[in-house]
$ cat query_39.cif   # mmCIF, C-alpha atoms and all ligand atoms; chains and numbers go by the auth columns
data_start
loop_
_atom_site.group_PDB
_atom_site.id
_atom_site.type_symbol
_atom_site.label_atom_id
_atom_site.label_comp_id
_atom_site.label_asym_id
_atom_site.label_seq_id
_atom_site.Cartn_x
_atom_site.Cartn_y
_atom_site.Cartn_z
_atom_site.B_iso_or_equiv
_atom_site.auth_seq_id
_atom_site.auth_asym_id
ATOM 1 C CA MET A 1 119.477 79.966 93.022 0.00 250 A
ATOM 2 C CA LEU A 2 116.556 82.410 93.235 0.00 251 A
ATOM 3 C CA SER A 3 113.161 81.253 94.507 0.00 252 A
ATOM 4 C CA GLY A 4 110.124 81.744 92.281 0.00 253 A
ATOM 5 C CA ALA A 5 109.109 84.919 94.103 0.00 254 A
ATOM 6 C CA GLU A 6 112.652 86.337 94.058 0.00 255 A
ATOM 7 C CA ASP A 7 112.930 85.598 90.359 0.00 256 A
ATOM 8 C CA ALA A 8 109.562 87.233 89.578 0.00 257 A
ATOM 9 C CA LEU A 9 110.436 90.284 91.675 0.00 258 A
ATOM 10 C CA ALA A 10 113.792 90.620 89.904 0.00 259 A
ATOM 11 C CA VAL A 11 111.961 90.655 86.557 0.00 260 A
ATOM 12 C CA VAL A 12 109.699 93.481 87.760 0.00 261 A
ATOM 13 C CA HIS A 13 112.745 95.432 88.954 0.00 262 A
ATOM 14 C CA GLU A 14 114.432 94.950 85.567 0.00 263 A
ATOM 15 C CA HIS A 15 111.373 96.377 83.796 0.00 264 A
ATOM 16 C CA ILE A 16 111.204 99.369 86.144 0.00 265 A
ATOM 17 C CA LEU A 17 114.866 100.243 85.629 0.00 266 A
ATOM 18 C CA VAL A 18 114.388 100.702 81.874 0.00 267 A
ATOM 19 C CA CYS A 19 110.817 102.016 81.934 0.00 268 A
ATOM 20 C CA THR A 20 109.976 105.142 79.922 0.00 269 A
ATOM 21 C CA ALA A 21 106.191 104.882 80.206 0.00 270 A
ATOM 22 C CA CYS A 22 105.644 108.306 81.764 0.00 271 A
ATOM 23 C CA PRO A 23 107.449 111.677 81.678 0.00 272 A
ATOM 24 C CA LEU A 24 109.109 111.064 85.055 0.00 273 A
ATOM 25 C CA HIS A 25 111.793 109.004 83.322 0.00 274 A
ATOM 26 C CA VAL A 26 113.202 112.104 81.610 0.00 275 A
ATOM 27 C CA ARG A 27 114.762 113.770 84.650 0.00 276 A
ATOM 28 C CA ARG A 28 115.462 110.786 86.879 0.00 277 A
ATOM 29 C CA THR A 29 119.016 109.754 87.735 0.00 278 A
ATOM 30 C CA GLN A 30 117.714 106.240 88.006 0.00 279 A
ATOM 31 C CA ALA A 31 114.465 104.477 88.761 0.00 280 A
ATOM 32 C CA VAL A 32 113.945 103.158 92.298 0.00 281 A
ATOM 33 C CA PRO A 33 112.129 99.794 92.129 0.00 282 A
ATOM 34 C CA GLY A 34 112.095 98.850 95.824 0.00 283 A
ATOM 35 C CA THR A 35 114.137 96.945 98.381 0.00 284 A
ATOM 36 C CA GLY A 36 113.523 94.036 100.689 0.00 285 A
ATOM 37 C CA PRO A 37 112.946 90.303 100.640 0.00 286 A
ATOM 38 C CA ALA A 38 110.378 88.692 98.343 0.00 287 A
ATOM 39 C CA THR A 39 109.213 86.725 101.390 0.00 288 A
ATOM 40 C CA ALA A 40 108.455 89.828 103.471 0.00 289 A
ATOM 41 C CA ARG A 41 105.250 89.620 105.519 0.00 290 A
ATOM 42 C CA ILE A 42 105.068 93.392 105.709 0.00 291 A
ATOM 43 C CA MET A 43 105.378 95.930 102.919 0.00 292 A
ATOM 44 C CA ALA A 44 105.506 99.734 102.968 0.00 293 A
ATOM 45 C CA VAL A 45 104.375 101.905 100.069 0.00 294 A
ATOM 46 C CA GLY A 46 105.332 105.580 99.946 0.00 295 A
ATOM 47 C CA GLU A 47 104.730 108.275 97.413 0.00 296 A
ATOM 48 C CA GLY A 48 107.837 108.532 95.239 0.00 297 A
ATOM 49 C CA PRO A 49 111.622 108.743 95.438 0.00 298 A
ATOM 50 C CA GLY A 50 113.184 111.944 96.766 0.00 299 A
ATOM 51 C CA GLU A 51 116.545 113.413 95.901 0.00 300 A
ATOM 52 C CA THR A 52 118.634 110.969 97.952 0.00 301 A
ATOM 53 C CA GLU A 53 116.625 107.987 96.753 0.00 302 A
ATOM 54 C CA ASP A 54 117.022 109.106 93.131 0.00 303 A
ATOM 55 C CA ARG A 55 120.779 109.343 93.622 0.00 304 A
ATOM 56 C CA LEU A 56 121.236 106.037 95.453 0.00 305 A
ATOM 57 C CA GLY A 57 118.534 103.961 93.741 0.00 306 A
ATOM 58 C CA LYS A 58 116.947 102.865 97.022 0.00 307 A
ATOM 59 C CA PRO A 59 113.680 103.939 98.641 0.00 308 A
ATOM 60 C CA PHE A 60 113.483 105.730 102.001 0.00 309 A
ATOM 61 C CA VAL A 61 117.192 106.304 102.537 0.00 310 A
ATOM 62 C CA GLY A 62 117.033 110.037 103.337 0.00 311 A
ATOM 63 C CA ALA A 63 115.837 111.747 106.503 0.00 312 A
ATOM 64 C CA ALA A 64 112.336 110.275 106.164 0.00 313 A
ATOM 65 C CA GLY A 65 113.962 106.858 105.737 0.00 314 A
ATOM 66 C CA ASN A 66 115.740 107.284 109.051 0.00 315 A
ATOM 67 C CA VAL A 67 112.378 107.966 110.700 0.00 316 A
ATOM 68 C CA LEU A 68 110.910 104.849 109.096 0.00 317 A
ATOM 69 C CA THR A 69 113.866 102.728 110.226 0.00 318 A
ATOM 70 C CA ARG A 70 113.477 103.974 113.790 0.00 319 A
ATOM 71 C CA LEU A 71 109.723 103.333 113.781 0.00 320 A
ATOM 72 C CA LEU A 72 110.268 99.791 112.534 0.00 321 A
ATOM 73 C CA GLY A 73 112.862 99.243 115.246 0.00 322 A
ATOM 74 C CA SER A 74 110.365 100.363 117.872 0.00 323 A
ATOM 75 C CA ILE A 75 108.270 97.264 117.116 0.00 324 A
ATOM 76 C CA GLY A 76 111.175 94.873 116.732 0.00 325 A
ATOM 77 C CA LEU A 77 111.539 94.998 112.945 0.00 326 A
ATOM 78 C CA SER A 78 114.544 95.844 110.811 0.00 327 A
ATOM 79 C CA ARG A 79 114.720 97.026 107.214 0.00 328 A
ATOM 80 C CA ASP A 80 115.566 93.424 106.271 0.00 329 A
ATOM 81 C CA ASP A 81 112.092 92.343 107.405 0.00 330 A
ATOM 82 C CA ILE A 82 110.151 94.638 105.116 0.00 331 A
ATOM 83 C CA TYR A 83 109.774 95.291 101.400 0.00 332 A
ATOM 84 C CA ILE A 84 109.694 99.038 100.739 0.00 333 A
ATOM 85 C CA THR A 85 108.619 100.745 97.554 0.00 334 A
ATOM 86 C CA ASN A 86 106.678 103.740 96.236 0.00 335 A
ATOM 87 C CA VAL A 87 103.619 104.454 94.132 0.00 336 A
ATOM 88 C CA VAL A 88 105.826 105.966 91.416 0.00 337 A
ATOM 89 C CA LYS A 89 109.311 104.601 90.920 0.00 338 A
ATOM 90 C CA CYS A 90 110.925 107.738 89.479 0.00 339 A
ATOM 91 C CA ARG A 91 111.476 111.026 91.282 0.00 340 A
ATOM 92 C CA PRO A 92 108.954 113.776 90.538 0.00 341 A
ATOM 93 C CA PRO A 93 111.031 116.910 89.755 0.00 342 A
ATOM 94 C CA GLY A 94 111.512 119.151 92.777 0.00 343 A
ATOM 95 C CA ASN A 95 109.747 116.545 94.934 0.00 344 A
ATOM 96 C CA ARG A 96 106.374 117.704 93.647 0.00 345 A
ATOM 97 C CA ASP A 97 103.359 115.450 94.087 0.00 346 A
ATOM 98 C CA PRO A 98 103.061 112.691 91.497 0.00 347 A
ATOM 99 C CA GLU A 99 100.313 113.403 88.998 0.00 348 A
ATOM 100 C CA PRO A 100 97.374 111.014 88.584 0.00 349 A
ATOM 101 C CA ALA A 101 98.487 110.038 85.067 0.00 350 A
ATOM 102 C CA GLU A 102 101.977 109.197 86.375 0.00 351 A
ATOM 103 C CA MET A 103 100.571 107.056 89.170 0.00 352 A
ATOM 104 C CA GLU A 104 98.332 105.310 86.666 0.00 353 A
ATOM 105 C CA SER A 105 101.255 104.653 84.313 0.00 354 A
ATOM 106 C CA CYS A 106 103.236 103.092 87.157 0.00 355 A
ATOM 107 C CA SER A 107 100.375 101.142 88.706 0.00 356 A
ATOM 108 C CA GLY A 108 101.150 97.826 87.010 0.00 357 A
ATOM 109 C CA PHE A 109 104.513 97.640 88.762 0.00 358 A
ATOM 110 C CA LEU A 110 103.068 98.146 92.245 0.00 359 A
ATOM 111 C CA ASP A 111 100.279 95.657 91.554 0.00 360 A
ATOM 112 C CA ALA A 112 102.860 93.093 90.432 0.00 361 A
ATOM 113 C CA GLN A 113 105.038 93.677 93.504 0.00 362 A
ATOM 114 C CA ILE A 114 102.065 93.130 95.813 0.00 363 A
ATOM 115 C CA GLU A 115 100.947 90.057 93.867 0.00 364 A
ATOM 116 C CA ILE A 116 104.415 88.491 94.060 0.00 365 A
ATOM 117 C CA ILE A 117 105.160 89.276 97.712 0.00 366 A
ATOM 118 C CA ARG A 118 101.612 88.814 99.040 0.00 367 A
ATOM 119 C CA PRO A 119 102.361 90.474 102.367 0.00 368 A
ATOM 120 C CA ASP A 120 100.076 90.096 105.359 0.00 369 A
ATOM 121 C CA VAL A 121 100.206 93.817 106.091 0.00 370 A
ATOM 122 C CA ILE A 122 100.762 96.809 103.803 0.00 371 A
ATOM 123 C CA LEU A 123 101.720 100.109 105.410 0.00 372 A
ATOM 124 C CA ILE A 124 100.363 102.990 103.346 0.00 373 A
ATOM 125 C CA LEU A 125 102.672 105.956 103.864 0.00 374 A
ATOM 126 C CA GLY A 126 100.876 109.216 103.177 0.00 375 A
ATOM 127 C CA ARG A 127 97.876 110.437 101.271 0.00 376 A
ATOM 128 C CA HIS A 128 99.055 109.684 97.733 0.00 377 A
ATOM 129 C CA ALA A 129 99.681 106.037 98.512 0.00 378 A
ATOM 130 C CA LEU A 130 96.322 105.979 100.322 0.00 379 A
ATOM 131 C CA ALA A 131 94.513 107.342 97.263 0.00 380 A
ATOM 132 C CA ARG A 132 96.236 104.765 95.074 0.00 381 A
ATOM 133 C CA LEU A 133 95.732 101.676 97.268 0.00 382 A
ATOM 134 C CA LEU A 134 92.417 102.455 98.985 0.00 383 A
ATOM 135 C CA PRO A 135 90.595 104.849 96.642 0.00 384 A
ATOM 136 C CA GLY A 136 87.498 106.355 98.239 0.00 385 A
ATOM 137 C CA ALA A 137 88.268 104.928 101.691 0.00 386 A
ATOM 138 C CA GLY A 138 88.694 108.335 103.296 0.00 387 A
ATOM 139 C CA GLY A 139 91.426 110.748 104.297 0.00 388 A
ATOM 140 C CA ILE A 140 94.664 110.013 106.120 0.00 389 A
ATOM 141 C CA SER A 141 93.635 112.057 109.178 0.00 390 A
ATOM 142 C CA GLY A 142 90.657 109.776 109.784 0.00 391 A
ATOM 143 C CA LEU A 143 92.251 106.454 108.797 0.00 392 A
ATOM 144 C CA HIS A 144 95.782 106.619 110.204 0.00 393 A
ATOM 145 C CA GLY A 145 96.638 103.675 112.417 0.00 394 A
ATOM 146 C CA ARG A 146 93.437 101.850 111.564 0.00 395 A
ATOM 147 C CA ARG A 147 93.274 98.407 110.035 0.00 396 A
ATOM 148 C CA VAL A 148 91.502 98.264 106.684 0.00 397 A
ATOM 149 C CA VAL A 149 90.877 94.705 105.514 0.00 398 A
ATOM 150 C CA ARG A 150 90.619 93.978 101.797 0.00 399 A
ATOM 151 C CA GLY A 151 90.415 90.282 100.986 0.00 400 A
ATOM 152 C CA GLU A 152 93.136 88.453 102.908 0.00 401 A
ATOM 153 C CA ARG A 153 95.242 91.575 103.278 0.00 402 A
ATOM 154 C CA ILE A 154 95.459 94.213 105.981 0.00 403 A
ATOM 155 C CA TYR A 155 96.206 97.796 104.968 0.00 404 A
ATOM 156 C CA VAL A 156 97.309 100.322 107.577 0.00 405 A
ATOM 157 C CA PRO A 157 97.370 103.971 106.504 0.00 406 A
ATOM 158 C CA LEU A 158 100.018 106.028 108.304 0.00 407 A
ATOM 159 C CA TYR A 159 101.192 109.608 108.080 0.00 408 A
ATOM 160 C CA HIS A 160 104.188 109.871 105.795 0.00 409 A
ATOM 161 C CA PRO A 161 107.428 109.839 107.865 0.00 410 A
ATOM 162 C CA ALA A 162 108.533 113.028 106.076 0.00 411 A
ATOM 163 C CA ALA A 163 105.513 114.849 107.507 0.00 412 A
ATOM 164 C CA ALA A 164 106.740 114.052 111.032 0.00 413 A
ATOM 165 C CA LEU A 165 109.997 115.821 110.235 0.00 414 A
ATOM 166 C CA TYR A 166 108.138 119.083 109.774 0.00 415 A
ATOM 167 C CA GLN A 167 105.359 118.628 112.339 0.00 416 A
ATOM 168 C CA ALA A 168 106.623 117.257 115.638 0.00 417 A
ATOM 169 C CA SER A 169 103.186 116.260 116.948 0.00 418 A
ATOM 170 C CA LEU A 170 102.862 113.751 114.100 0.00 419 A
ATOM 171 C CA MET A 171 105.897 111.836 115.347 0.00 420 A
ATOM 172 C CA ARG A 172 104.047 110.835 118.502 0.00 421 A
ATOM 173 C CA THR A 173 101.042 109.816 116.407 0.00 422 A
ATOM 174 C CA LEU A 174 103.265 107.699 114.151 0.00 423 A
ATOM 175 C CA GLU A 175 104.853 106.001 117.160 0.00 424 A
ATOM 176 C CA GLU A 176 101.441 105.133 118.607 0.00 425 A
ATOM 177 C CA ASP A 177 100.185 103.873 115.241 0.00 426 A
ATOM 178 C CA MET A 178 103.246 101.629 114.866 0.00 427 A
ATOM 179 C CA LEU A 179 102.352 99.864 118.100 0.00 428 A
ATOM 180 C CA ARG A 180 99.044 98.972 116.480 0.00 429 A
ATOM 181 C CA VAL A 181 100.943 97.666 113.436 0.00 430 A
ATOM 182 C CA ARG A 182 102.784 95.238 115.733 0.00 431 A
ATOM 183 C CA GLN A 183 99.444 93.957 116.981 0.00 432 A
ATOM 184 C CA TYR A 184 98.065 93.566 113.427 0.00 433 A
ATOM 185 C CA LEU A 185 101.173 91.659 112.356 0.00 434 A
ATOM 186 C CA ASP A 186 100.957 89.302 115.326 0.00 435 A
ATOM 187 C CA GLU A 187 97.301 88.608 114.592 0.00 436 A
ATOM 188 C CA ALA A 188 98.034 87.965 110.908 0.00 437 A
ATOM 189 C CA GLU A 189 100.860 85.621 111.857 0.00 438 A
ATOM 190 C CA THR A 190 98.576 83.667 114.169 0.00 439 A
ATOM 191 C CA ARG A 191 95.909 83.402 111.447 0.00 440 A
ATOM 192 C CA ARG A 192 98.433 82.162 108.904 0.00 441 A
ATOM 193 C CA HIS A 193 99.824 79.532 111.248 0.00 442 A
ATOM 194 C CA ASP A 194 96.303 78.368 112.109 0.00 443 A
ATOM 195 C CA ALA A 195 95.429 78.118 108.403 0.00 444 A
ATOM 196 C CA GLN A 196 98.616 76.184 107.675 0.00 445 A
ATOM 197 C CA ALA A 197 97.949 73.858 110.590 0.00 446 A
ATOM 198 C CA ALA A 198 94.402 73.265 109.329 0.00 447 A
ATOM 199 C CA THR A 199 95.661 72.307 105.849 0.00 448 A
ATOM 200 C CA GLY A 200 98.576 70.295 107.213 0.00 449 A
ATOM 201 C CA SER A 201 101.239 72.347 105.408 0.00 450 A
ATOM 202 C CA ALA A 202 104.509 73.269 107.079 0.00 451 A
ATOM 203 C CA ALA A 203 104.372 76.532 109.013 0.00 452 A
ATOM 204 C CA ALA A 204 107.308 78.053 107.197 0.00 453 A
ATOM 205 C CA PRO A 205 107.792 81.799 107.271 0.00 454 A
ATOM 206 C CA GLY A 206 106.595 83.584 104.171 0.00 455 A
ATOM 207 C CA ARG A 207 104.107 82.362 101.591 0.00 456 A
ATOM 208 C CA SER A 208 102.455 78.979 101.930 0.00 457 A
ATOM 209 C CA GLN A 209 103.120 76.238 99.404 0.00 458 A
ATOM 210 C CA GLN A 210 99.676 76.859 97.895 0.00 459 A
ATOM 211 C CA GLU A 211 100.605 80.449 97.063 0.00 460 A
ATOM 212 C CA GLU A 212 102.948 80.227 94.115 0.00 461 A
ATOM 213 C CA PRO A 213 104.058 83.587 92.698 0.00 462 A
ATOM 214 C CA PRO A 214 103.220 84.393 89.086 0.00 463 A
ATOM 215 C CA ALA A 215 105.783 83.018 86.641 0.00 464 A
ATOM 216 C CA ARG A 216 107.897 85.398 84.529 0.00 465 A
ATOM 217 C CA ASP A 217 105.624 85.107 81.501 0.00 466 A
ATOM 218 C CA GLN A 218 102.503 85.632 83.632 0.00 467 A
ATOM 219 C CA LEU A 219 103.531 89.047 84.891 0.00 468 A
ATOM 220 C CA ASP A 220 101.117 91.679 83.645 0.00 469 A
ATOM 221 C CA LEU A 221 103.094 94.878 84.092 0.00 470 A
ATOM 222 C CA PHE A 222 101.021 97.162 81.859 0.00 471 A
HETATM 223 FE FE1 LIG B . 107.951 104.090 84.355 0.00 501 A
HETATM 224 FE FE2 LIG B . 106.898 104.418 86.761 0.00 501 A
HETATM 225 FE FE3 LIG B . 109.192 105.637 86.150 0.00 501 A
HETATM 226 FE FE4 LIG B . 106.906 106.467 85.049 0.00 501 A
HETATM 227 S S1 LIG B . 107.429 106.544 87.256 0.00 501 A
HETATM 228 S S2 LIG B . 108.867 106.112 83.977 0.00 501 A
HETATM 229 S S3 LIG B . 105.785 104.522 84.802 0.00 501 A
HETATM 230 S S4 LIG B . 108.847 103.416 86.293 0.00 501 A
#

$ encode --input "query_39.cif" --output "structure tokens"
Amino acid sequence: MLSGAEDALAVVHEHILVCTACPLHVRRTQAVPGTGPATARIMAVGEGPGETEDRLGKPFVGAAGNVLTRLLGSIGLSRDDIYITNVVKCRPPGNRDPEPAEMESCSGFLDAQIEIIRPDVILILGRHALARLLPGAGGISGLHGRRVVRGERIYVPLYHPAAALYQASLMRTLEEDMLRVRQYLDEAETRRHDAQAATGSAAAPGRSQQEEPPARDQLDLF
């Protein structure tokens, strides 16, 4: 039986798979909603599916995905620990940048995914995800590896793993930034346990009992 969060996330995925709200649906092989547990404490948001992702229906499974997997491993995380998605869920033709109108059309899905999962830390992979999640905060070159706190959530902009494939010096920067991510996660975990101890609730992994996900009929996807 699915938990409330798993059920709500499955509904969002179902909507994405049949979505025709922007022109990107025309040339996709399939939409790529996202992968990972609904209880993930860490989430990664990239730009959009590439060719391999479009073919397999999963995000970050190509060469850039291998970089991401290795970076996660460097701080003791596996792909099973993280929910991974993109700003747009359908592949922009020729891997071009997603257009503002396409990102806007798709925004309700990403908002719903974040609302359901409520991660402690969101990794922002690349400048398009940065513009979408932290508009006006600054550029990726100035913000990478830094913690940006919005409400109860920590955002960490990072260079896109694909960029490190073409510019070797960025790989070292990504590796150093990931070590900071480990520190941010540990601090968030400590804060959550302290808050749960203060309210007397069980310190279970994932969301607290006070944080119920939105029900199916409460999801506001557009
Ligand atoms: Fe729908 Fe998003 Fe795909 Fe556009 S990119 S068709 S809004 S799922």

$ residues_around --input "query_39.cif" --residues "A:Ala270" --least-positions-apart "6" --cutoff "12 Å" --atoms "all atoms listed in the file" --output "PyMOL selection string"
chain A and resi 264+280+337-339+350-358+470-471

$ atom_distance --input "query_39.cif" --atom1 "atom CA of A:Ser390" --atom2 "atom CA of A:Ile371"
17.7 Å

$ resolve_selection --input "query_39.cif" --expression "the PyMOL selection byres (((chain A and resi 410) around 10) and not hetatm)" --output "list in words"
Gly295, Phe309, Ala312, Ala313, Gly314, Asn315, Val316, Leu317, Thr318, Leu320, Leu374, Gly375, Leu407, Tyr408, His409, Ala411, Ala412, Ala413, Leu414, Tyr415, Leu419, Met420 and Leu423 of chain A

$ write_last_selection --input "query_39.cif" --atoms "C-alpha atoms" --output "short mmCIF file (atom, residue, chain, number, x, y, z; two decimals), keeping the file's coordinate frame"
data_model
loop_
_atom_site.label_atom_id
_atom_site.label_comp_id
_atom_site.auth_asym_id
_atom_site.auth_seq_id
_atom_site.Cartn_x
_atom_site.Cartn_y
_atom_site.Cartn_z
CA GLY A 295 105.33 105.58 99.95
CA PHE A 309 113.48 105.73 102.00
CA ALA A 312 115.84 111.75 106.50
CA ALA A 313 112.34 110.28 106.16
CA GLY A 314 113.96 106.86 105.74
CA ASN A 315 115.74 107.28 109.05
CA VAL A 316 112.38 107.97 110.70
CA LEU A 317 110.91 104.85 109.10
CA THR A 318 113.87 102.73 110.23
CA LEU A 320 109.72 103.33 113.78
CA LEU A 374 102.67 105.96 103.86
CA GLY A 375 100.88 109.22 103.18
CA LEU A 407 100.02 106.03 108.30
CA TYR A 408 101.19 109.61 108.08
CA HIS A 409 104.19 109.87 105.80
CA ALA A 411 108.53 113.03 106.08
CA ALA A 412 105.51 114.85 107.51
CA ALA A 413 106.74 114.05 111.03
CA LEU A 414 110.00 115.82 110.24
CA TYR A 415 108.14 119.08 109.77
CA LEU A 419 102.86 113.75 114.10
CA MET A 420 105.90 111.84 115.35
CA LEU A 423 103.26 107.70 114.15
#

$ closest_residue --input "query_39.cif" --among "A:Leu359, A:Ile373, A:Ile324, A:Met292" --to "ligand LIG 501 (chain A)" --atoms "only C-alpha atoms and all ligand atoms"
A:Leu359

$ axis_aligned_box --input "query_39.cif" --around "ligand LIG 501 (chain A)" --padding-each-side "5 Å" --output "JSON"
{"center_x": 107.5, "center_y": 105.0, "center_z": 85.6, "size_x": 13.4, "size_y": 13.1, "size_z": 13.3}

$ closest_residue --input "query_39.cif" --among "A:Thr448, A:Gln279, A:Gln416, A:Ser252" --to "ligand LIG 501 (chain A)" --atoms "all atoms listed in the file"
A:Gln279

$ atom_distance --input "query_39.cif" --atom1 "atom CA of A:Ile389" --atom2 "atom CA of A:Arg376"
5.8 Å

$ atom_distance --input "query_39.cif" --atom1 "atom S4 of ligand LIG 501 (chain A)" --atom2 "atom CA of A:Tyr404"
23.2 Å

$ resolve_selection --input "query_39.cif" --expression "the PyMOL selection byres (((chain A and resi 398) around 12) and not hetatm)" --output "PyMOL selection string"
chain A and resi 369-371+382-383+386+395-397+399-406+433+437

$ write_last_selection --input "query_39.cif" --atoms "C-alpha atoms" --output "PDB file, in the coordinates of the input"
ATOM      1  CA  ASP A 369     100.076  90.096 105.359  1.00  0.00           C
ATOM      2  CA  VAL A 370     100.206  93.817 106.091  1.00  0.00           C
ATOM      3  CA  ILE A 371     100.762  96.809 103.803  1.00  0.00           C
ATOM      4  CA  LEU A 382      95.732 101.676  97.268  1.00  0.00           C
ATOM      5  CA  LEU A 383      92.417 102.455  98.985  1.00  0.00           C
ATOM      6  CA  ALA A 386      88.268 104.928 101.691  1.00  0.00           C
ATOM      7  CA  ARG A 395      93.437 101.850 111.564  1.00  0.00           C
ATOM      8  CA  ARG A 396      93.274  98.407 110.035  1.00  0.00           C
ATOM      9  CA  VAL A 397      91.502  98.264 106.684  1.00  0.00           C
ATOM     10  CA  ARG A 399      90.619  93.978 101.797  1.00  0.00           C
ATOM     11  CA  GLY A 400      90.415  90.282 100.986  1.00  0.00           C
ATOM     12  CA  GLU A 401      93.136  88.453 102.908  1.00  0.00           C
ATOM     13  CA  ARG A 402      95.242  91.575 103.278  1.00  0.00           C
ATOM     14  CA  ILE A 403      95.459  94.213 105.981  1.00  0.00           C
ATOM     15  CA  TYR A 404      96.206  97.796 104.968  1.00  0.00           C
ATOM     16  CA  VAL A 405      97.309 100.322 107.577  1.00  0.00           C
ATOM     17  CA  PRO A 406      97.370 103.971 106.504  1.00  0.00           C
ATOM     18  CA  TYR A 433      98.065  93.566 113.427  1.00  0.00           C
ATOM     19  CA  ALA A 437      98.034  87.965 110.908  1.00  0.00           C
TER      20      ALA A 437
END

$ resolve_selection --input "query_39.cif" --expression "the PyMOL selection byres (((chain A and resi 284) around 6) and not hetatm)" --output "mmCIF file with C-alpha atoms, in the coordinates of the input"
data_model
loop_
_atom_site.group_PDB
_atom_site.id
_atom_site.type_symbol
_atom_site.label_atom_id
_atom_site.label_comp_id
_atom_site.auth_asym_id
_atom_site.auth_seq_id
_atom_site.Cartn_x
_atom_site.Cartn_y
_atom_site.Cartn_z
ATOM 1 C CA GLY A 283 112.095 98.850 95.824
ATOM 2 C CA GLY A 285 113.523 94.036 100.689
ATOM 3 C CA TYR A 332 109.774 95.291 101.400
ATOM 4 C CA ILE A 333 109.694 99.038 100.739
#

$ closest_residue --input "query_39.cif" --among "A:Glu364, A:Asp443, A:Glu296, A:Asp329" --to "ligand LIG 501 (chain A)" --atoms "all atoms listed in the file"
A:Glu296

$ closest_residue --input "query_39.cif" --among "A:Val430, A:Val260, A:Pro341, A:Ile291" --to "ligand LIG 501 (chain A)" --atoms "only C-alpha atoms and all ligand atoms"
A:Pro341

$ closest_residue --input "query_39.cif" --among "A:Val261, A:Leu428, A:Ala380, A:Ile365" --to "A:Leu321" --atoms "only C-alpha atoms"
A:Leu428

$ closest_residue --input "query_39.cif" --among "A:Met427, A:Ala287, A:Ala447, A:Leu273" --to "A:Gln362" --atoms "all atoms listed in the file"
A:Ala287

$ residues_around --input "query_39.cif" --residues "A:Val275" --least-positions-apart "6" --cutoff "10 Å" --atoms "all atoms listed in the file" --output "list in words"
Thr269, Cys339, Arg340 and Pro342 of chain A

$ build_atoms --input "query_39.cif" --residues "stretch 414-426 of chain A" --atoms "N, CA and C atoms" --output "short mmCIF file (atom, residue, chain, number, x, y, z; two decimals), keeping the file's coordinate frame"
data_model
loop_
_atom_site.label_atom_id
_atom_site.label_comp_id
_atom_site.auth_asym_id
_atom_site.auth_seq_id
_atom_site.Cartn_x
_atom_site.Cartn_y
_atom_site.Cartn_z
N LEU A 414 108.78 115.00 110.14
CA LEU A 414 110.00 115.82 110.24
C LEU A 414 109.67 117.30 110.35
N TYR A 415 108.52 117.67 109.79
CA TYR A 415 108.14 119.08 109.77
C TYR A 415 107.08 119.42 110.82
N GLN A 416 106.42 118.40 111.36
CA GLN A 416 105.36 118.63 112.34
C GLN A 416 105.58 117.65 113.49
N ALA A 417 106.17 118.14 114.57
CA ALA A 417 106.62 117.26 115.64
C ALA A 417 105.49 116.44 116.26
N SER A 418 104.28 116.98 116.31
CA SER A 418 103.19 116.26 116.95
C SER A 418 102.84 114.97 116.19
N LEU A 419 103.16 114.95 114.88
CA LEU A 419 102.86 113.75 114.10
C LEU A 419 103.79 112.59 114.45
N MET A 420 104.97 112.90 114.99
CA MET A 420 105.90 111.84 115.35
C MET A 420 105.30 110.95 116.43
N ARG A 421 104.68 111.59 117.42
CA ARG A 421 104.05 110.84 118.50
C ARG A 421 102.90 109.97 117.95
N THR A 422 102.14 110.57 117.03
CA THR A 422 101.04 109.82 116.41
C THR A 422 101.58 108.61 115.64
N LEU A 423 102.67 108.81 114.89
CA LEU A 423 103.26 107.70 114.15
C LEU A 423 103.74 106.60 115.10
N GLU A 424 104.35 106.99 116.20
CA GLU A 424 104.85 106.00 117.16
C GLU A 424 103.69 105.18 117.73
N GLU A 425 102.60 105.84 118.05
CA GLU A 425 101.44 105.13 118.61
C GLU A 425 100.83 104.21 117.55
N ASP A 426 100.75 104.69 116.31
CA ASP A 426 100.18 103.87 115.24
C ASP A 426 101.05 102.63 114.97
#
